[in-house]
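Structure, as structure tokens:
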Number of protein chains: 2
Amino acid sequence: MIRHTAFALAPWSIRESRLDLDVLAQTESVFALSNGHLGLRGNLEEGEPYGEPGTYLDGFYEARPLPYAEAGYGYPESGETVVNVTNGKVIRLLVDDEPFDVRYGTLHQHERVLDLRAGTLTRRAHWSSPTGGQVRITSTRLVSFTHRAVAAIRYEVEAVDQPRNVVVQSELVANETQQYMSGDPRESARLESPLVLEENVTVEDGMAIMVHHTRASELRVAAAMSHEIDGPDGTRIETRGAGDVSRVTVATRLSPGERLRLVKYFSYGWSAQRSRPAMHDQVVAALAAARLVGWDGLCSDQRRFLDRFWEGADVEVEGDAEVQQAVRFALFHLLQSAARLEDRPIPAKGLTGSGYDGHAFWDTEIFVLPVLTYTYPRAAADALEWRLSTIARARENARQLGLSGAAFPWRTISGAECSGYWPAGTAAFHVNADIAHAATQYVDATGDTEFERDTGLPLLIGTARLWCALGHHDAEGRYRIDGVTGPDEYSAVADNNIYTNLMAQQNLREAAELSVRHPERARRLGVTDEEIARWRDGADAMSIPYDERLQVHQQSEGFTQHGMWNFAATGLSRYPLLLHFPYFDLYRRQVVKQADLVLAMHLRGDAFTAGQKARNFAYYEALTVRDSSLSACTQAVMAAEVGQLELAYRYLGEAALTDLADLEHNTMDGLHMASLAGAWIALVAGFGGMRAGNGRLCLSPRLPESLTRLCFRLCYRGSLVRINVTSGETTYWLLEGPPITLTHHGERLELQGKPVTRPNPPAPQPGLTVTQPPGREPAPRRPAEGP
Amino acid sequence: MIRHTAFALAPWSIRESRLDLDVLAQTESVFALSNGHLGLRGNLEEGEPYGEPGTYLDGFYEARPLPYAEAGYGYPESGETVVNVTNGKVIRLLVDDEPFDVRYGTLHQHERVLDLRAGTLTRRAHWSSPTGGQVRITSTRLVSFTHRAVAAIRYEVEAVDQPRNVVVQSELVANETQQYMSGDPRESARLESPLVLEENVTVEDGMAIMVHHTRASELRVAAAMSHEIDGPDGTRIETRGAGDVSRVTVATRLSPGERLRLVKYFSYGWSAQRSRPAMHDQVVAALAAARLVGWDGLCSDQRRFLDRFWEGADVEVEGDAEVQQAVRFALFHLLQSAARLEDRPIPAKGLTGSGYDGHAFWDTEIFVLPVLTYTYPRAAADALEWRLSTIARARENARQLGLSGAAFPWRTISGAECSGYWPAGTAAFHVNADIAHAATQYVDATGDTEFERDTGLPLLIGTARLWCALGHHDAEGRYRIDGVTGPDEYSAVADNNIYTNLMAQQNLREAAELSVRHPERARRLGVTDEEIARWRDGADAMSIPYDERLQVHQQSEGFTQHGMWNFAATGLSRYPLLLHFPYFDLYRRQVVKQADLVLAMHLRGDAFTAGQKARNFAYYEALTVRDSSLSACTQAVMAAEVGQLELAYRYLGEAALTDLADLEHNTMDGLHMASLAGAWIALVAGFGGMRAGNGRLCLSPRLPESLTRLCFRLCYRGSLVRINVTSGETTYWLLEGPPITLTHHGERLELQGKPVTRPNPPAPQPGLTVTQPPGREPAPRRPAEGP
């Protein structure tokens, strides 16, 4: 738990009031800055100590061979790992020849503040060196939302008590040493010096450029820095570069109260194709643009950008200050992961750490994109356009698997399948329906017909064709999808996984509908009336496994006949189960890592009756251990729907605090983007009861006892709607855009100029007792008081 | 196909009349000599050319790390690979300074003969060097059945036309270079110089000893050689050793017709515990014993040993000389793989090659041991005692998997699980029931109550406990075994695999019965009445999946609802499918690599009606591609049982010729012991209709049209029975031992002094058309004429 060490509750910031080296790696993730293209972990400027140094460029990776103890046909041979590129954050400081290092001397004060409206990370330190030299250091950094390639740091050092000789070394450093490896499969593979130097030049005082390329993936990266330096007379500046380091050295003597200030601008570019000179020029140009705007300009642009974002995205929560902070923290990081994607993926950890090798998974489409779709839709479109840009590889992947259509990869950076364990990777074909779902949802939310035709249609056709190749009719005419893996990673390679089948059903139907809507374009993609008929037929005949005896759906065929996991005999120290039990044991029993059927009930609520939802929820709650961060928010949504509002509130807390409280114990590897999205989903789809589709925006708000007010904004078909929920009633405002029709607990409301208020009907009485596996209940939530 | 190149048909030998370097590696396997402890591939004495140099000691391996692209809990970290130990076969020859190398000069004649009664490999070559020096070379080698640690070669070189300077270098060589690696998963992992030298000493002229150990597995191996040399006056002998080579050099001048003769004795020992001096002395002692007997003594002991074997094991076939040769070849190699095991495993390739890393699998228990049990029972007992010797590891393996009892490994040398892909390895728990089955069968065949109590009982209890941990009752009270893999490797991790369930059922029942029979010993092993009751209950309630609509059993639950493999679209070049399609694709479809349900019908025939057998056989024949050598023999047995005698005959041909005709294209990696056993099984259990169990020996002989006579011997309860089958009738003789009751097509016969003859009833009329996947039909068999 990070929270109890240092973070202060505040509605619009994350403030760490003292430095705790035990959670340094976690705070590097929490304080990461990014714009979706460039990401900096919250490493200390002086470089050491660190948890994991991290500077990432979205899509930039190194390839590495994937080893197998026993080879198999079609296994991916090459993996991809995000590269820690040239570090431009480094600013070292010497005070009277003593290096500023928080592990030595005395740290009188140390504060870091992530400002969610300013988009900056500010640090204030007051330090005495081991020999007594006192200084105050203040730094503020940003990764610009408006200048995609640019980051900047304003760094200030002040002598406190006596005159001090102060030397500041501002650097670009490549091939930093990576540290820990625990063997946890969720970590990143370790790369030793992945970057090969091509160029390290000093252009003028304070300005240097470095160009490298990766050995195996053959990608080129350029980084440049330049400085504005403001110090007392006699301040000397020297710029040198050699090997993998460029260094600007600023030496001065500061009287007490006197300050040395520098603004460091640094910029990045990468390409698989552009030449060294072109990359060199590109990063120099980015610096020039940044310097033209200047530090103050970058800061005001940043704030303006965020102001606009919050107008359409803010969520207000009353009655739980911790959740209030967490949901804004979540929205801020989601924006950071996606604002400037421009046809690159959103990795599971954004650009906040190297966990999961920097790969993007289905999490993006099912958890992250819904939030962006209704709050910052341009980024959702970008992420889906990236998927489309990889469709040739997905087709090739399908072909290699003996299928047709497009088989998008389970985990990837470039679009190539990087899964080294096919039962929990390649076989999880639902990622294809998830992409189709996200595209359908985006089109529904925005009415963006150009996207529908140019991006949605080819994605839906490619994935629908895959389902046609994967499925078959049995003798009774049911359409089966056998031998695939659903979201729950504690089952694999099962027949008729209900989530997969229901999502594939939607995929097939939407592909048919879109092809009819865009006949010309569909025809050009080879779609015939026969093919459309096959899609519709497969969808209509889709197998939905149901246990008549228990009156619940089966996660997959036969699931409810499997032996129960022996929860009573499983000590709490043996969670997550995947680190303590073999897959063999997990797969064959009734134990669920994460919402699967329950997720299907959220996304395909139309396929279940209210009674089925309640029974299914109760049955699977008792089996679900939540060893994945992709579960609590969905459980919150379905708990709220079946009337378990207090349980939903607990799950909300868990989803919202995954990273701020380090609930999964791996926040050090990067933030959990999907879980951050889960905070919004739990509030908006859970307590807001928000569902949308087929041009209809539906809300069914109901608050748990502890929350006194929930207010959120949604953008739907060009209308920005504000929804204010209290325990008794809900008020709807149209903030921008055309009039809109929506439903409140099924009642149609026309929203025009004036707000409309309706009472919230009481929650359905839960008829079933809901329990979780012993010890895996979500923690009771004591709502946190405001600051 | 090797056959068409050089092998001659003969009833008691394999004769290669000319050397074909394209199939050199295959012939090295075919001409391998072994006694189950020490194995020599049929490498040419002069060392080069070679397919794969091979000298193996049963149980001697090197450990190597098993790599995984994505780690998982409980995956084996260390693999084991058979080591090519110190090569004592090497005898190089120089003729007037030209090295004898069949690739140079002129090979006027080259013949190799494996004599199945003498137990020797003889080679005759007539060669002219590039400069015209003519010599005749004759060598005979053996691996002694009576001197377990000893091999010997008699080597003779004769000058033909003119006097020649001849130098013979007889060597011990360690760490020979290994050659090819194709990436085929069935090959061995490559080890670079696995042996670390400890000692290389020359004791006297012609005698040297080398001791090495392996780096990781820390096993010690010693090899020694000594020579008897007989040459013209002036023959000089020099013995030198350095590094990984010891060399005895014999130089002489031969007049035309004059000969240099040497007999090389070499011996081996290995140990995990014994010291270098102890090992040194051990191999020297073995040499001394061999020299005491001398070459002629070794040869006559060898023949006597084999004479006794053939008396109890020979199978005579009339009407197909090829099958006659093949079944004797098979019996000879099975004996070679097992004669002197002494608590070590029988690897899948015996000691004939390094394929499958030298591992032992379930093949041994289900295919090899039945043959040994009825023809050379001591070896079957040895192999099972080896299993028992590893039970502590099997218990530990079970514990790590969260189970109880003993989980014997899928593949191993030492007893540790070496499977690097758990769905097709660890999950194939049927190996445990297979071991129990072999133990039960051995006890039934021999009446060996000491073995039953000391070896059978602990094996059956350990495995029965595993089934109790693996299975559970469902709500209807059926006993289910979920998520395991049966024999068919084109399905994996399925529920209620019928083979596994039926074999587990037998395992549970036999464990209960034996525990009741040996109450004292069972009690000491912790067995209670409660536990026995649980075993019986699990067995009685065992799930046997059946498709009511199709009226056939299901290989596993839901199997018959899976999509069909698209055989029509699968070109013949894409077999074996595992090398051309992903497991994902194979697992989810109705396609069968090897007999699974059909094997269950053979081994558990009591669990099926005749009608079910016929329907099941027809259904699964159409799905079975026989991409495994562990299939044809079982298909032969069941084809014969359902009355498809001609089809059975084709399968017999395939099983019998797997190695002699290299049908699987990997005989170069070693002979397929299970398939060799399959030749016997197809004849004896197929056309002989032999089944045994519960003290009853049953025969139901019927011949296919082409075979005019089949005569085989079986040892049952101490009685040696000879069964002579012609197309019309069968005659039973008691050759040795007490009177015995057996059944002929269900009729009880008391066999005493006189032979008993009974007519063979006509075969049942096959009511169903049986077809195989297109292109995968067994080849029509034209019975080969005798020589």
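Every chain in the structure tokens has a letter given in the order shown (A, B, ...), and although residue numbers restart at 1 in each chain, ligands are simply numbered from 1 in the order shown.
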
Write out as JSON lines the residues of chain B that have any atom within 9 Å of an atom of chain A, one row each with the nearest atom pair and its distance in Å to one decimal, counting only C-alpha atoms, sorted by chain and then rising number.
{"residue": "B:Pro65", "atom": "CA", "partner": "A:Ala69", "partner_atom": "CA", "distance": 8.6}
{"residue": "B:Leu66", "atom": "CA", "partner": "A:Ala69", "partner_atom": "CA", "distance": 5.0}
{"residue": "B:Pro67", "atom": "CA", "partner": "A:Ala69", "partner_atom": "CA", "distance": 5.0}
{"residue": "B:Tyr68", "atom": "CA", "partner": "A:Tyr68", "partner_atom": "CA", "distance": 4.9}
{"residue": "B:Ala69", "atom": "CA", "partner": "A:Gly420", "partner_atom": "CA", "distance": 4.8}
{"residue": "B:Glu70", "atom": "CA", "partner": "A:Gly420", "partner_atom": "CA", "distance": 5.5}
{"residue": "B:Ala71", "atom": "CA", "partner": "A:Pro185", "partner_atom": "CA", "distance": 5.9}
{"residue": "B:Gly72", "atom": "CA", "partner": "A:Pro582", "partner_atom": "CA", "distance": 7.0}
{"residue": "B:Tyr73", "atom": "CA", "partner": "A:Pro582", "partner_atom": "CA", "distance": 5.1}
{"residue": "B:Gly74", "atom": "CA", "partner": "A:Pro582", "partner_atom": "CA", "distance": 5.6}
{"residue": "B:Tyr75", "atom": "CA", "partner": "A:Pro582", "partner_atom": "CA", "distance": 7.7}
{"residue": "B:Gly79", "atom": "CA", "partner": "A:Ala69", "partner_atom": "CA", "distance": 8.5}
{"residue": "B:Gly183", "atom": "CA", "partner": "A:Ala71", "partner_atom": "CA", "distance": 7.9}
{"residue": "B:Asp184", "atom": "CA", "partner": "A:Ala71", "partner_atom": "CA", "distance": 8.0}
{"residue": "B:Pro185", "atom": "CA", "partner": "A:Ala71", "partner_atom": "CA", "distance": 5.9}
{"residue": "B:Gln400", "atom": "CA", "partner": "A:Phe581", "partner_atom": "CA", "distance": 8.1}
{"residue": "B:Leu401", "atom": "CA", "partner": "A:Pro582", "partner_atom": "CA", "distance": 6.3}
{"residue": "B:Gly402", "atom": "CA", "partner": "A:Phe581", "partner_atom": "CA", "distance": 7.3}
{"residue": "B:Leu403", "atom": "CA", "partner": "A:Asp585", "partner_atom": "CA", "distance": 8.9}
{"residue": "B:Ser419", "atom": "CA", "partner": "A:Glu70", "partner_atom": "CA", "distance": 8.0}
{"residue": "B:Gly420", "atom": "CA", "partner": "A:Ala69", "partner_atom": "CA", "distance": 4.8}
{"residue": "B:Tyr421", "atom": "CA", "partner": "A:Glu70", "partner_atom": "CA", "distance": 6.0}
{"residue": "B:Trp422", "atom": "CA", "partner": "A:Phe584", "partner_atom": "CA", "distance": 7.7}
{"residue": "B:Pro423", "atom": "CA", "partner": "A:Phe584", "partner_atom": "CA", "distance": 7.7}
{"residue": "B:Thr426", "atom": "CA", "partner": "A:Phe584", "partner_atom": "CA", "distance": 8.3}
{"residue": "B:Ala427", "atom": "CA", "partner": "A:Phe584", "partner_atom": "CA", "distance": 6.8}
{"residue": "B:Gly471", "atom": "CA", "partner": "A:Gly563", "partner_atom": "CA", "distance": 8.0}
{"residue": "B:His472", "atom": "CA", "partner": "A:Gly563", "partner_atom": "CA", "distance": 6.1}
{"residue": "B:His473", "atom": "CA", "partner": "A:Gly563", "partner_atom": "CA", "distance": 7.8}
{"residue": "B:Asp474", "atom": "CA", "partner": "A:Gln561", "partner_atom": "CA", "distance": 6.0}
{"residue": "B:Ala475", "atom": "CA", "partner": "A:Gln561", "partner_atom": "CA", "distance": 7.7}
{"residue": "B:Arg480", "atom": "CA", "partner": "A:His562", "partner_atom": "CA", "distance": 8.0}
{"residue": "B:Ile481", "atom": "CA", "partner": "A:His562", "partner_atom": "CA", "distance": 8.8}
{"residue": "B:Asp482", "atom": "CA", "partner": "A:Arg588", "partner_atom": "CA", "distance": 5.7}
{"residue": "B:Gly483", "atom": "CA", "partner": "A:Arg588", "partner_atom": "CA", "distance": 4.9}
{"residue": "B:Val484", "atom": "CA", "partner": "A:Phe584", "partner_atom": "CA", "distance": 8.1}
{"residue": "B:Val493", "atom": "CA", "partner": "A:Val493", "partner_atom": "CA", "distance": 8.1}
{"residue": "B:Ala494", "atom": "CA", "partner": "A:Ala494", "partner_atom": "CA", "distance": 8.5}
{"residue": "B:Asp495", "atom": "CA", "partner": "A:Arg588", "partner_atom": "CA", "distance": 8.2}
{"residue": "B:Glu557", "atom": "CA", "partner": "A:Gly558", "partner_atom": "CA", "distance": 8.8}
{"residue": "B:Gly558", "atom": "CA", "partner": "A:Asp495", "partner_atom": "CA", "distance": 8.5}
{"residue": "B:Gln561", "atom": "CA", "partner": "A:Asp474", "partner_atom": "CA", "distance": 6.0}
{"residue": "B:His562", "atom": "CA", "partner": "A:Asp482", "partner_atom": "CA", "distance": 6.8}
{"residue": "B:Gly563", "atom": "CA", "partner": "A:His472", "partner_atom": "CA", "distance": 6.1}
{"residue": "B:Leu578", "atom": "CA", "partner": "A:Tyr73", "partner_atom": "CA", "distance": 6.7}
{"residue": "B:Leu579", "atom": "CA", "partner": "A:Tyr73", "partner_atom": "CA", "distance": 5.6}
{"residue": "B:His580", "atom": "CA", "partner": "A:Tyr73", "partner_atom": "CA", "distance": 6.1}
{"residue": "B:Phe581", "atom": "CA", "partner": "A:Tyr73", "partner_atom": "CA", "distance": 5.9}
{"residue": "B:Pro582", "atom": "CA", "partner": "A:Tyr73", "partner_atom": "CA", "distance": 5.1}
{"residue": "B:Tyr583", "atom": "CA", "partner": "A:Tyr73", "partner_atom": "CA", "distance": 7.4}
{"residue": "B:Phe584", "atom": "CA", "partner": "A:Ala427", "partner_atom": "CA", "distance": 6.8}
{"residue": "B:Asp585", "atom": "CA", "partner": "A:Leu401", "partner_atom": "CA", "distance": 7.0}
{"residue": "B:Tyr587", "atom": "CA", "partner": "A:Gly483", "partner_atom": "CA", "distance": 6.9}
{"residue": "B:Arg588", "atom": "CA", "partner": "A:Gly483", "partner_atom": "CA", "distance": 4.9}
{"residue": "B:Arg589", "atom": "CA", "partner": "A:Asp482", "partner_atom": "CA", "distance": 8.1}

How would the residues just picked look written out with C-alpha atoms as a PDB file, in the first residue's frame?
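Here's the written file result_29.pdb:
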ATOM      1  CA  PRO B  65      17.824 -25.807 -18.419  1.00  0.00           C
ATOM      2  CA  LEU B  66      14.399 -25.798 -20.057  1.00  0.00           C
ATOM      3  CA  PRO B  67      13.633 -22.334 -21.414  1.00  0.00           C
ATOM      4  CA  TYR B  68      10.142 -20.813 -21.592  1.00  0.00           C
ATOM      5  CA  ALA B  69       8.963 -17.777 -23.499  1.00  0.00           C
ATOM      6  CA  GLU B  70       6.434 -17.243 -20.701  1.00  0.00           C
ATOM      7  CA  ALA B  71       7.149 -18.859 -17.373  1.00  0.00           C
ATOM      8  CA  GLY B  72       4.520 -20.684 -15.362  1.00  0.00           C
ATOM      9  CA  TYR B  73       4.337 -22.095 -11.870  1.00  0.00           C
ATOM     10  CA  GLY B  74       5.578 -25.656 -11.572  1.00  0.00           C
ATOM     11  CA  TYR B  75       7.086 -25.924 -15.036  1.00  0.00           C
ATOM     12  CA  GLY B  79      15.569 -31.254 -18.821  1.00  0.00           C
ATOM     13  CA  GLY B 183      14.223 -28.320 -35.430  1.00  0.00           C
ATOM     14  CA  ASP B 184      11.940 -31.365 -35.375  1.00  0.00           C
ATOM     15  CA  PRO B 185      10.745 -31.541 -31.755  1.00  0.00           C
ATOM     16  CA  GLN B 400       3.928 -29.925  -6.544  1.00  0.00           C
ATOM     17  CA  LEU B 401       0.902 -30.299  -8.776  1.00  0.00           C
ATOM     18  CA  GLY B 402      -1.371 -30.017  -5.768  1.00  0.00           C
ATOM     19  CA  LEU B 403      -2.265 -33.704  -5.936  1.00  0.00           C
ATOM     20  CA  SER B 419       8.176 -32.248 -20.172  1.00  0.00           C
ATOM     21  CA  GLY B 420       8.533 -28.683 -21.423  1.00  0.00           C
ATOM     22  CA  TYR B 421       4.974 -28.376 -22.736  1.00  0.00           C
ATOM     23  CA  TRP B 422       2.542 -29.390 -20.056  1.00  0.00           C
ATOM     24  CA  PRO B 423      -0.646 -29.826 -22.100  1.00  0.00           C
ATOM     25  CA  THR B 426       2.377 -33.417 -17.478  1.00  0.00           C
ATOM     26  CA  ALA B 427      -1.366 -33.406 -18.250  1.00  0.00           C
ATOM     27  CA  GLY B 471     -11.182 -37.010  -9.992  1.00  0.00           C
ATOM     28  CA  HIS B 472     -14.359 -35.751  -8.408  1.00  0.00           C
ATOM     29  CA  HIS B 473     -18.035 -36.634  -8.339  1.00  0.00           C
ATOM     30  CA  ASP B 474     -20.480 -34.401 -10.145  1.00  0.00           C
ATOM     31  CA  ALA B 475     -23.968 -33.595  -8.933  1.00  0.00           C
ATOM     32  CA  ARG B 480     -15.161 -37.199 -13.555  1.00  0.00           C
ATOM     33  CA  ILE B 481     -11.501 -36.728 -14.457  1.00  0.00           C
ATOM     34  CA  ASP B 482     -11.306 -33.289 -16.028  1.00  0.00           C
ATOM     35  CA  GLY B 483      -8.639 -31.403 -17.859  1.00  0.00           C
ATOM     36  CA  VAL B 484      -6.225 -34.189 -18.720  1.00  0.00           C
ATOM     37  CA  VAL B 493      -6.577 -30.970 -21.645  1.00  0.00           C
ATOM     38  CA  ALA B 494     -10.033 -32.445 -22.148  1.00  0.00           C
ATOM     39  CA  ASP B 495     -12.661 -33.705 -19.715  1.00  0.00           C
ATOM     40  CA  GLU B 557     -16.532 -35.265 -23.418  1.00  0.00           C
ATOM     41  CA  GLY B 558     -17.860 -33.207 -26.304  1.00  0.00           C
ATOM     42  CA  GLN B 561     -19.467 -32.232 -31.330  1.00  0.00           C
ATOM     43  CA  HIS B 562     -16.212 -30.677 -32.438  1.00  0.00           C
ATOM     44  CA  GLY B 563     -15.709 -29.584 -35.995  1.00  0.00           C
ATOM     45  CA  LEU B 578       1.959 -31.443 -35.953  1.00  0.00           C
ATOM     46  CA  LEU B 579       4.756 -30.100 -38.145  1.00  0.00           C
ATOM     47  CA  HIS B 580       2.348 -28.067 -40.301  1.00  0.00           C
ATOM     48  CA  PHE B 581      -0.548 -26.955 -38.119  1.00  0.00           C
ATOM     49  CA  PRO B 582      -0.734 -25.296 -34.720  1.00  0.00           C
ATOM     50  CA  TYR B 583      -1.852 -27.304 -31.717  1.00  0.00           C
ATOM     51  CA  PHE B 584      -4.656 -24.793 -31.352  1.00  0.00           C
ATOM     52  CA  ASP B 585      -6.125 -25.967 -34.644  1.00  0.00           C
ATOM     53  CA  TYR B 587      -6.954 -29.732 -30.476  1.00  0.00           C
ATOM     54  CA  ARG B 588     -10.325 -28.255 -31.341  1.00  0.00           C
ATOM     55  CA  ARG B 589     -11.231 -30.564 -34.186  1.00  0.00           C
TER      56      ARG B 589
END

Long-range neighbours of segment 362-366 of chain A as a PyMOL selection string, 9 Å cut-off, only C-alpha atoms, 6 positions minimum in chain: chain A and resi 345-348+380+383-384+410-411+430-432+434-439+630+673-674

If we count only C-alpha atoms and set the cut-off at 12 Å, which residues sit around Glu452 of chain B, ignoring sequence neighbours fewer than 4 positions away in its own chain? Please answer as a PDB file with C-alpha atoms, in the first residue's frame.
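part33.pdb written:
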ATOM      1  CA  ALA B 381       9.822 -56.820 -13.951  1.00  0.00           C
ATOM      2  CA  LEU B 384       8.590 -51.811 -13.462  1.00  0.00           C
ATOM      3  CA  GLU B 385      11.026 -51.991 -10.582  1.00  0.00           C
ATOM      4  CA  ALA B 436      -0.474 -49.862 -13.073  1.00  0.00           C
ATOM      5  CA  ALA B 438       1.648 -53.170 -16.903  1.00  0.00           C
ATOM      6  CA  ALA B 439       2.200 -54.212 -13.304  1.00  0.00           C
ATOM      7  CA  THR B 440      -1.191 -55.910 -13.167  1.00  0.00           C
ATOM      8  CA  GLN B 441      -0.535 -57.651 -16.450  1.00  0.00           C
ATOM      9  CA  TYR B 442       2.881 -58.828 -15.324  1.00  0.00           C
ATOM     10  CA  VAL B 443       1.467 -60.260 -12.125  1.00  0.00           C
ATOM     11  CA  ASP B 444      -1.356 -61.932 -14.013  1.00  0.00           C
ATOM     12  CA  ALA B 445       1.037 -63.454 -16.537  1.00  0.00           C
ATOM     13  CA  THR B 446       3.643 -64.667 -14.082  1.00  0.00           C
ATOM     14  CA  GLY B 447       1.797 -65.204 -10.828  1.00  0.00           C
ATOM     15  CA  ASP B 448       4.821 -63.570  -9.233  1.00  0.00           C
ATOM     16  CA  GLY B 456       2.917 -54.018  -7.805  1.00  0.00           C
ATOM     17  CA  LEU B 457       1.218 -52.989  -4.589  1.00  0.00           C
ATOM     18  CA  PRO B 458       3.101 -49.728  -3.977  1.00  0.00           C
ATOM     19  CA  LEU B 459       2.820 -48.799  -7.665  1.00  0.00           C
ATOM     20  CA  LEU B 460      -0.924 -49.434  -7.673  1.00  0.00           C
ATOM     21  CA  ILE B 461      -1.539 -47.623  -4.409  1.00  0.00           C
ATOM     22  CA  GLU B 510      -6.752 -53.400  -8.940  1.00  0.00           C
ATOM     23  CA  ALA B 511      -5.362 -51.233  -6.159  1.00  0.00           C
ATOM     24  CA  GLU B 513      -8.023 -55.837  -4.850  1.00  0.00           C
ATOM     25  CA  LEU B 514      -4.295 -55.952  -4.163  1.00  0.00           C
ATOM     26  CA  SER B 515      -4.706 -54.048  -0.921  1.00  0.00           C
ATOM     27  CA  ARG B 517      -4.900 -59.393  -0.850  1.00  0.00           C
ATOM     28  CA  HIS B 518      -1.942 -57.917   1.032  1.00  0.00           C
ATOM     29  CA  ARG B 521       1.634 -54.454   3.532  1.00  0.00           C
ATOM     30  CA  ALA B 522      -1.190 -52.166   2.434  1.00  0.00           C
TER      31      ALA B 522
END

Within 10 Å of Arg781 of chain B, counting only C-alpha atoms, which residues qualify if same-chain residues fewer than 2 places away don't, as JSON, numbers by chain? {"B": [320, 646, 647, 649, 650, 651, 652, 653, 654, 706, 778, 779, 783, 784]}

Segment 620-680 of chain A: residues DSSP assigns to helix (DSSP H, G or I), reported as a PyMOL selection string: chain A and resi 620-621+632-641+645-657+667-669+673-680

Selected residues, C-alpha atoms, written as a tab-separated table (two decimals), in the first residue's frame, please.
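The resulting result-v7.tsv:
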chain	number	residue	atom	x	y	z
A	620	TYR	CA	-19.68	-16.69	-10.22
A	621	GLU	CA	-19.01	-14.28	-7.35
A	632	ALA	CA	-13.23	-5.38	-9.85
A	633	CYS	CA	-14.77	-2.69	-12.04
A	634	THR	CA	-16.90	-5.21	-13.95
A	635	GLN	CA	-18.00	-6.81	-10.70
A	636	ALA	CA	-18.91	-3.31	-9.50
A	637	VAL	CA	-21.03	-2.71	-12.58
A	638	MET	CA	-22.94	-5.97	-12.33
A	639	ALA	CA	-23.23	-5.76	-8.53
A	640	ALA	CA	-24.88	-2.37	-8.97
A	641	GLU	CA	-27.20	-3.70	-11.66
A	645	LEU	CA	-24.94	-1.40	-4.19
A	646	GLU	CA	-22.71	-1.73	-1.15
A	647	LEU	CA	-20.79	-4.57	-2.76
A	648	ALA	CA	-20.46	-2.46	-5.89
A	649	TYR	CA	-19.06	0.34	-3.76
A	650	ARG	CA	-16.38	-1.96	-2.39
A	651	TYR	CA	-15.41	-3.03	-5.88
A	652	LEU	CA	-15.33	0.59	-6.96
A	653	GLY	CA	-12.83	1.25	-4.20
A	654	GLU	CA	-10.67	-1.62	-5.31
A	655	ALA	CA	-10.72	-0.63	-8.97
A	656	ALA	CA	-10.05	3.00	-8.16
A	657	LEU	CA	-7.17	2.36	-5.77
A	667	THR	CA	2.51	-0.74	-9.60
A	668	MET	CA	6.30	-0.42	-9.78
A	669	ASP	CA	6.11	-2.03	-13.25
A	673	MET	CA	-4.52	1.47	-17.46
A	674	ALA	CA	-7.51	-0.86	-17.54
A	675	SER	CA	-7.97	-0.65	-13.82
A	676	LEU	CA	-7.71	3.13	-13.91
A	677	ALA	CA	-10.42	3.04	-16.55
A	678	GLY	CA	-12.28	0.74	-14.19
A	679	ALA	CA	-12.68	3.56	-11.67
A	680	TRP	CA	-14.65	5.53	-14.26

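If only C-alpha atoms are the atoms counted, then among A:Phe367, A:Pro764, A:Arg387, A:Glu48 the closest residue to Ala685 of chain A is A:Phe367.
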
Can you tell me, as a PyMOL selection string, what residues are no more than 8 Å from segment 86-100 of chain B when counting only C-alpha atoms, ignoring any on the same chain fewer than 6 positions away? chain B and resi 40+43-47+54-55+129-131+133+135+153+164-175+223+225+266

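Comparing the minimum interatomic distances between Val598 of chain A and each of A:Asp454, A:Asp488, A:Asp301, A:Glu228, counting only C-alpha atoms, we find that A:Asp488 sits nearest.
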
Might you pull out every residue within 10 Å of His745 of chain B, with only C-alpha atoms counted and same-chain residues fewer than 6 positions away left off, and present them as a ChimeraX atom specification? /B:689-690,698-702,758-761
